[in-house]
>>> print(open('query_9.pdb').read())   # PDB, C-alpha atoms, pLDDT in the B column
ATOM      1  CA  MET A 241     207.462 130.239  86.858  1.00 81.00           C
ATOM      2  CA  ASN A 242     208.121 131.938  90.182  1.00 87.00           C
ATOM      3  CA  GLY A 243     206.420 131.703  93.536  1.00 94.00           C
ATOM      4  CA  THR A 244     205.527 128.978  95.958  1.00 96.00           C
ATOM      5  CA  MET A 245     203.431 125.824  95.944  1.00 93.00           C
ATOM      6  CA  LYS A 246     201.609 123.790  98.584  1.00 92.00           C
ATOM      7  CA  THR A 247     203.175 120.478  99.587  1.00 91.00           C
ATOM      8  CA  ALA A 248     202.050 117.694 101.931  1.00 90.00           C
ATOM      9  CA  VAL A 249     205.156 117.073 104.015  1.00 94.00           C
ATOM     10  CA  MET A 250     205.559 114.102 106.347  1.00 94.00           C
ATOM     11  CA  THR A 251     207.357 115.656 109.309  1.00 96.00           C
ATOM     12  CA  GLY A 252     207.403 112.491 111.431  1.00 96.00           C
ATOM     13  CA  ILE A 253     205.600 109.179 111.873  1.00 95.00           C
ATOM     14  CA  SER A 254     201.843 109.899 111.548  1.00 95.00           C
ATOM     15  CA  GLN A 255     202.541 113.638 111.213  1.00 96.00           C
ATOM     16  CA  VAL A 256     201.828 115.710 108.099  1.00 95.00           C
ATOM     17  CA  GLU A 257     201.960 119.466 107.516  1.00 96.00           C
ATOM     18  CA  ILE A 258     200.859 121.474 104.500  1.00 95.00           C
ATOM     19  CA  GLN A 259     203.834 123.699 103.703  1.00 96.00           C
ATOM     20  CA  GLN A 260     204.589 126.383 101.132  1.00 97.00           C
ATOM     21  CA  ARG A 261     207.763 125.604  99.181  1.00 95.00           C
ATOM     22  CA  PRO A 262     209.478 127.346  96.261  1.00 96.00           C
ATOM     23  CA  ILE A 263     208.372 126.246  92.799  1.00 96.00           C
ATOM     24  CA  PRO A 264     211.343 124.317  91.352  1.00 94.00           C
ATOM     25  CA  VAL A 265     213.148 125.388  88.199  1.00 95.00           C
ATOM     26  CA  PRO A 266     213.401 122.522  85.694  1.00 96.00           C
ATOM     27  CA  ALA A 267     216.873 121.287  84.780  1.00 97.00           C
ATOM     28  CA  HIS A 268     217.897 121.176  81.104  1.00 97.00           C
ATOM     29  CA  ASP A 269     216.372 117.689  80.689  1.00 98.00           C
ATOM     30  CA  GLU A 270     213.233 118.159  82.840  1.00 97.00           C
ATOM     31  CA  VAL A 271     209.765 119.637  82.597  1.00 97.00           C
ATOM     32  CA  LEU A 272     207.766 121.560  85.191  1.00 96.00           C
ATOM     33  CA  VAL A 273     204.231 120.256  85.693  1.00 94.00           C
ATOM     34  CA  LYS A 274     201.537 122.346  87.375  1.00 93.00           C
ATOM     35  CA  VAL A 275     199.953 119.618  89.476  1.00 91.00           C
ATOM     36  CA  GLU A 276     196.164 119.623  89.378  1.00 93.00           C
ATOM     37  CA  TYR A 277     195.520 116.245  91.004  1.00 91.00           C
ATOM     38  CA  VAL A 278     197.626 113.853  93.054  1.00 87.00           C
ATOM     39  CA  GLY A 279     196.910 110.398  94.408  1.00 85.00           C
ATOM     40  CA  ILE A 280     197.931 108.976  97.730  1.00 83.00           C
ATOM     41  CA  CYS A 281     198.638 105.266  97.389  1.00 86.00           C
ATOM     42  CA  GLY A 282     199.485 102.383  99.695  1.00 89.00           C
ATOM     43  CA  SER A 283     203.184 103.190  99.804  1.00 90.00           C
ATOM     44  CA  ASP A 284     202.405 106.729 101.014  1.00 90.00           C
ATOM     45  CA  LEU A 285     200.237 105.251 103.779  1.00 91.00           C
ATOM     46  CA  HIS A 286     203.018 102.860 104.834  1.00 92.00           C
ATOM     47  CA  PHE A 287     205.520 105.720 104.944  1.00 92.00           C
ATOM     48  CA  TYR A 288     203.058 107.822 106.974  1.00 92.00           C
ATOM     49  CA  GLU A 289     202.232 105.030 109.447  1.00 94.00           C
ATOM     50  CA  ALA A 290     205.639 103.341 109.811  1.00 93.00           C
ATOM     51  CA  GLY A 291     208.238 105.482 108.040  1.00 92.00           C
ATOM     52  CA  ALA A 292     209.190 102.541 105.846  1.00 93.00           C
ATOM     53  CA  ILE A 293     208.172  99.791 103.452  1.00 92.00           C
ATOM     54  CA  GLY A 294     210.359  96.787 104.102  1.00 90.00           C
ATOM     55  CA  GLY A 295     213.947  97.984 103.864  1.00 92.00           C
ATOM     56  CA  HIS A 296     213.026 101.282 102.167  1.00 92.00           C
ATOM     57  CA  VAL A 297     213.090 103.847 104.991  1.00 93.00           C
ATOM     58  CA  VAL A 298     212.248 107.511 104.469  1.00 91.00           C
ATOM     59  CA  GLU A 299     213.683 110.339 106.516  1.00 91.00           C
ATOM     60  CA  PRO A 300     211.384 113.258 107.327  1.00 92.00           C
ATOM     61  CA  PRO A 301     210.799 115.793 106.017  1.00 94.00           C
ATOM     62  CA  PHE A 302     209.438 113.760 103.113  1.00 89.00           C
ATOM     63  CA  VAL A 303     206.943 114.995 100.492  1.00 89.00           C
ATOM     64  CA  LEU A 304     204.070 112.538 100.106  1.00 86.00           C
ATOM     65  CA  GLY A 305     202.163 111.843  96.880  1.00 83.00           C
ATOM     66  CA  HIS A 306     203.802 110.517  93.740  1.00 81.00           C
ATOM     67  CA  GLU A 307     200.918 109.909  91.337  1.00 86.00           C
ATOM     68  CA  PRO A 308     200.280 113.403  89.955  1.00 88.00           C
ATOM     69  CA  GLY A 309     198.415 114.667  86.935  1.00 94.00           C
ATOM     70  CA  GLY A 310     198.666 118.156  85.550  1.00 96.00           C
ATOM     71  CA  THR A 311     199.795 120.476  82.787  1.00 97.00           C
ATOM     72  CA  VAL A 312     203.345 121.032  81.522  1.00 96.00           C
ATOM     73  CA  VAL A 313     204.041 124.743  82.080  1.00 96.00           C
ATOM     74  CA  GLU A 314     207.797 124.944  81.446  1.00 96.00           C
ATOM     75  CA  VAL A 315     210.431 122.861  79.684  1.00 96.00           C
ATOM     76  CA  GLY A 316     214.204 122.609  80.028  1.00 96.00           C
ATOM     77  CA  LYS A 317     216.362 123.606  77.043  1.00 96.00           C
ATOM     78  CA  ASP A 318     217.040 119.976  76.018  1.00 97.00           C
ATOM     79  CA  VAL A 319     213.467 118.704  76.185  1.00 94.00           C
TER      80      VAL A 319
END
>>> encode(input="query_9.pdb", output="structure tokens")
Amino acid sequence: MNGTMKTAVMTGISQVEIQQRPIPVPAHDEVLVKVEYVGICGSDLHFYEAGAIGGHVVEPPFVLGHEPGGTVVEVGKDV
């Protein structure tokens, strides 16, 4: 699959931009999922507001959202 996708990128504390990024190519042991829905949870909010949760610090740019649902559209050769 070629092209670009929209991503919610934390560019700084309390700063988010919607950016177009290249669609990744799955590695031999990965799948590519066309994301149809994504959740923003408490950890995303902590990262957005403070840049960290306890000792886990993120460095912008950082893509938010890690609870996706979608359709597998490509598979690596070893999947």
>>> closest_residue(input="query_9.pdb", among="A:Glu299, A:Glu314, A:Asp269, A:Glu276", to="Met245 of chain A", atoms="all atoms listed in the file")
A:Glu276
>>> resolve_selection(input="query_9.pdb", expression="the PyMOL selection byres ((chain A and resi 244) around 6)", output="list in words")
Gly243, Met245, Gln260, Arg261, Pro262 and Ile263 of chain A
>>> write_last_selection(input="query_9.pdb", atoms="C-alpha atoms", output="PDB file, in the coordinates of the input")
ATOM      1  CA  GLY A 243     206.420 131.703  93.536  1.00 94.00           C
ATOM      2  CA  MET A 245     203.431 125.824  95.944  1.00 93.00           C
ATOM      3  CA  GLN A 260     204.589 126.383 101.132  1.00 97.00           C
ATOM      4  CA  ARG A 261     207.763 125.604  99.181  1.00 95.00           C
ATOM      5  CA  PRO A 262     209.478 127.346  96.261  1.00 96.00           C
ATOM      6  CA  ILE A 263     208.372 126.246  92.799  1.00 96.00           C
TER       7      ILE A 263
END
>>> residues_around(input="query_9.pdb", residues="Leu272 of chain A", least_positions_apart="2", cutoff="6 Å", atoms="all atoms listed in the file", output="JSON, numbers by chain")
{"A": [266, 312, 313, 314]}
>>> residues_around(input="query_9.pdb", residues="Val256 of chain A", least_positions_apart="4", cutoff="10 Å", atoms="only C-alpha atoms", output="count of residues only")
12
>>> residues_around(input="query_9.pdb", residues="Asp318 of chain A", least_positions_apart="5", cutoff="10 Å", atoms="only C-alpha atoms", output="PDB file with C-alpha atoms, in the frame of the given file")
ATOM      1  CA  ALA A 267     216.873 121.287  84.780  1.00 97.00           C
ATOM      2  CA  HIS A 268     217.897 121.176  81.104  1.00 97.00           C
ATOM      3  CA  ASP A 269     216.372 117.689  80.689  1.00 98.00           C
ATOM      4  CA  GLU A 270     213.233 118.159  82.840  1.00 97.00           C
ATOM      5  CA  VAL A 271     209.765 119.637  82.597  1.00 97.00           C
TER       6      VAL A 271
END
>>> resolve_selection(input="query_9.pdb", expression="the PyMOL selection byres ((chain A and resi 281) around 10)", output="PyMOL selection string")
chain A and resi 278-280+282-286+304-307
>>> axis_aligned_box(input="query_9.pdb", around="segment 276-291 of chain A", padding_each_side="4 Å", output="JSON")
{"center_x": 201.9, "center_y": 111.0, "center_z": 99.6, "size_x": 20.7, "size_y": 25.2, "size_z": 28.4}
>>> atom_distance(input="query_9.pdb", atom1="atom CA of Gly310 of chain A", atom2="atom CA of Ala290 of chain A")
29.3 Å
>>> atom_distance(input="query_9.pdb", atom1="atom CA of Gly316 of chain A", atom2="atom CA of Met241 of chain A")
12.3 Å
>>> atom_distance(input="query_9.pdb", atom1="atom CA of Thr311 of chain A", atom2="atom CA of Phe287 of chain A")
27.2 Å
>>> closest_residue(input="query_9.pdb", among="A:Asn242, A:Tyr277, A:Ile258, A:Ile253", to="Val297 of chain A", atoms="all atoms listed in the file")
A:Ile253
>>> decode(input="query_9.pdb", residues="segment 243-269 of chain A", atoms="N, CA, C and O atoms", output="PDB file, in the first residue's frame")
ATOM      1  N   GLY A 243       1.288   5.648  -0.354  1.00  0.00           N
ATOM      2  CA  GLY A 243       0.584   6.891  -0.058  1.00  0.00           C
ATOM      3  C   GLY A 243       0.927   7.428   1.310  1.00  0.00           C
ATOM      4  O   GLY A 243       1.966   7.096   1.881  1.00  0.00           O
ATOM      5  N   THR A 244       0.027   8.253   1.813  1.00  0.00           N
ATOM      6  CA  THR A 244       0.219   8.853   3.122  1.00  0.00           C
ATOM      7  C   THR A 244      -0.998   8.597   3.996  1.00  0.00           C
ATOM      8  O   THR A 244      -2.058   8.188   3.517  1.00  0.00           O
ATOM      9  N   MET A 245      -0.817   8.859   5.283  1.00  0.00           N
ATOM     10  CA  MET A 245      -1.895   8.691   6.260  1.00  0.00           C
ATOM     11  C   MET A 245      -1.872   9.881   7.204  1.00  0.00           C
ATOM     12  O   MET A 245      -0.848  10.547   7.366  1.00  0.00           O
ATOM     13  N   LYS A 246      -3.012  10.147   7.834  1.00  0.00           N
ATOM     14  CA  LYS A 246      -3.094  11.217   8.830  1.00  0.00           C
ATOM     15  C   LYS A 246      -2.632  10.683  10.181  1.00  0.00           C
ATOM     16  O   LYS A 246      -2.975   9.569  10.561  1.00  0.00           O
ATOM     17  N   THR A 247      -1.853  11.496  10.898  1.00  0.00           N
ATOM     18  CA  THR A 247      -1.414  11.135  12.236  1.00  0.00           C
ATOM     19  C   THR A 247      -1.597  12.323  13.173  1.00  0.00           C
ATOM     20  O   THR A 247      -1.431  13.477  12.760  1.00  0.00           O
ATOM     21  N   ALA A 248      -1.952  12.037  14.421  1.00  0.00           N
ATOM     22  CA  ALA A 248      -2.024  13.065  15.463  1.00  0.00           C
ATOM     23  C   ALA A 248      -0.663  13.078  16.154  1.00  0.00           C
ATOM     24  O   ALA A 248      -0.297  12.130  16.839  1.00  0.00           O
ATOM     25  N   VAL A 249       0.091  14.136  15.935  1.00  0.00           N
ATOM     26  CA  VAL A 249       1.468  14.195  16.413  1.00  0.00           C
ATOM     27  C   VAL A 249       1.585  15.243  17.520  1.00  0.00           C
ATOM     28  O   VAL A 249       1.276  16.418  17.316  1.00  0.00           O
ATOM     29  N   MET A 250       2.034  14.790  18.694  1.00  0.00           N
ATOM     30  CA  MET A 250       2.337  15.718  19.783  1.00  0.00           C
ATOM     31  C   MET A 250       3.657  16.390  19.441  1.00  0.00           C
ATOM     32  O   MET A 250       4.690  15.731  19.333  1.00  0.00           O
ATOM     33  N   THR A 251       3.615  17.695  19.210  1.00  0.00           N
ATOM     34  CA  THR A 251       4.813  18.429  18.813  1.00  0.00           C
ATOM     35  C   THR A 251       5.458  19.157  19.985  1.00  0.00           C
ATOM     36  O   THR A 251       6.550  19.698  19.858  1.00  0.00           O
ATOM     37  N   GLY A 252       4.791  19.171  21.121  1.00  0.00           N
ATOM     38  CA  GLY A 252       5.281  19.797  22.339  1.00  0.00           C
ATOM     39  C   GLY A 252       4.228  19.632  23.416  1.00  0.00           C
ATOM     40  O   GLY A 252       3.138  19.117  23.163  1.00  0.00           O
ATOM     41  N   ILE A 253       4.521  20.056  24.629  1.00  0.00           N
ATOM     42  CA  ILE A 253       3.555  19.969  25.717  1.00  0.00           C
ATOM     43  C   ILE A 253       2.313  20.762  25.321  1.00  0.00           C
ATOM     44  O   ILE A 253       2.400  21.930  24.925  1.00  0.00           O
ATOM     45  N   SER A 254       1.153  20.101  25.383  1.00  0.00           N
ATOM     46  CA  SER A 254      -0.156  20.684  25.042  1.00  0.00           C
ATOM     47  C   SER A 254      -0.228  21.185  23.602  1.00  0.00           C
ATOM     48  O   SER A 254      -0.990  22.102  23.304  1.00  0.00           O
ATOM     49  N   GLN A 255       0.556  20.578  22.709  1.00  0.00           N
ATOM     50  CA  GLN A 255       0.531  20.958  21.295  1.00  0.00           C
ATOM     51  C   GLN A 255       0.400  19.700  20.437  1.00  0.00           C
ATOM     52  O   GLN A 255       1.190  18.769  20.569  1.00  0.00           O
ATOM     53  N   VAL A 256      -0.613  19.708  19.561  1.00  0.00           N
ATOM     54  CA  VAL A 256      -0.843  18.582  18.656  1.00  0.00           C
ATOM     55  C   VAL A 256      -1.085  19.118  17.258  1.00  0.00           C
ATOM     56  O   VAL A 256      -1.760  20.129  17.076  1.00  0.00           O
ATOM     57  N   GLU A 257      -0.529  18.439  16.262  1.00  0.00           N
ATOM     58  CA  GLU A 257      -0.764  18.756  14.858  1.00  0.00           C
ATOM     59  C   GLU A 257      -1.241  17.494  14.152  1.00  0.00           C
ATOM     60  O   GLU A 257      -0.781  16.401  14.464  1.00  0.00           O
ATOM     61  N   ILE A 258      -2.136  17.645  13.197  1.00  0.00           N
ATOM     62  CA  ILE A 258      -2.493  16.550  12.310  1.00  0.00           C
ATOM     63  C   ILE A 258      -1.526  16.632  11.140  1.00  0.00           C
ATOM     64  O   ILE A 258      -1.453  17.649  10.460  1.00  0.00           O
ATOM     65  N   GLN A 259      -0.754  15.566  10.939  1.00  0.00           N
ATOM     66  CA  GLN A 259       0.264  15.546   9.896  1.00  0.00           C
ATOM     67  C   GLN A 259       0.034  14.374   8.945  1.00  0.00           C
ATOM     68  O   GLN A 259      -0.476  13.332   9.353  1.00  0.00           O
ATOM     69  N   GLN A 260       0.448  14.548   7.708  1.00  0.00           N
ATOM     70  CA  GLN A 260       0.458  13.467   6.730  1.00  0.00           C
ATOM     71  C   GLN A 260       1.829  12.794   6.825  1.00  0.00           C
ATOM     72  O   GLN A 260       2.859  13.466   6.806  1.00  0.00           O
ATOM     73  N   ARG A 261       1.823  11.476   6.953  1.00  0.00           N
ATOM     74  CA  ARG A 261       3.068  10.713   7.019  1.00  0.00           C
ATOM     75  C   ARG A 261       2.977   9.543   6.055  1.00  0.00           C
ATOM     76  O   ARG A 261       1.884   9.066   5.764  1.00  0.00           O
ATOM     77  N   PRO A 262       4.123   9.047   5.592  1.00  0.00           N
ATOM     78  CA  PRO A 262       4.093   7.887   4.681  1.00  0.00           C
ATOM     79  C   PRO A 262       3.475   6.663   5.354  1.00  0.00           C
ATOM     80  O   PRO A 262       3.693   6.423   6.539  1.00  0.00           O
ATOM     81  N   ILE A 263       2.712   5.890   4.583  1.00  0.00           N
ATOM     82  CA  ILE A 263       2.182   4.631   5.086  1.00  0.00           C
ATOM     83  C   ILE A 263       3.362   3.672   5.239  1.00  0.00           C
ATOM     84  O   ILE A 263       4.132   3.486   4.295  1.00  0.00           O
ATOM     85  N   PRO A 264       3.532   3.061   6.417  1.00  0.00           N
ATOM     86  CA  PRO A 264       4.686   2.170   6.608  1.00  0.00           C
ATOM     87  C   PRO A 264       4.544   0.873   5.819  1.00  0.00           C
ATOM     88  O   PRO A 264       3.444   0.425   5.514  1.00  0.00           O
ATOM     89  N   VAL A 265       5.677   0.282   5.523  1.00  0.00           N
ATOM     90  CA  VAL A 265       5.728  -1.034   4.877  1.00  0.00           C
ATOM     91  C   VAL A 265       5.972  -2.051   5.981  1.00  0.00           C
ATOM     92  O   VAL A 265       6.927  -1.900   6.755  1.00  0.00           O
ATOM     93  N   PRO A 266       5.125  -3.090   6.088  1.00  0.00           N
ATOM     94  CA  PRO A 266       5.321  -4.054   7.171  1.00  0.00           C
ATOM     95  C   PRO A 266       6.600  -4.868   6.990  1.00  0.00           C
ATOM     96  O   PRO A 266       6.948  -5.251   5.871  1.00  0.00           O
ATOM     97  N   ALA A 267       7.286  -5.110   8.101  1.00  0.00           N
ATOM     98  CA  ALA A 267       8.454  -5.985   8.108  1.00  0.00           C
ATOM     99  C   ALA A 267       7.985  -7.424   7.900  1.00  0.00           C
ATOM    100  O   ALA A 267       6.777  -7.712   7.914  1.00  0.00           O
ATOM    101  N   HIS A 268       8.914  -8.345   7.746  1.00  0.00           N
ATOM    102  CA  HIS A 268       8.586  -9.744   7.448  1.00  0.00           C
ATOM    103  C   HIS A 268       7.691 -10.389   8.497  1.00  0.00           C
ATOM    104  O   HIS A 268       6.944 -11.316   8.196  1.00  0.00           O
ATOM    105  N   ASP A 269       7.725  -9.892   9.740  1.00  0.00           N
ATOM    106  CA  ASP A 269       6.926 -10.486  10.817  1.00  0.00           C
ATOM    107  C   ASP A 269       5.831  -9.550  11.320  1.00  0.00           C
ATOM    108  O   ASP A 269       5.362  -9.688  12.443  1.00  0.00           O
TER     109      ASP A 269
END
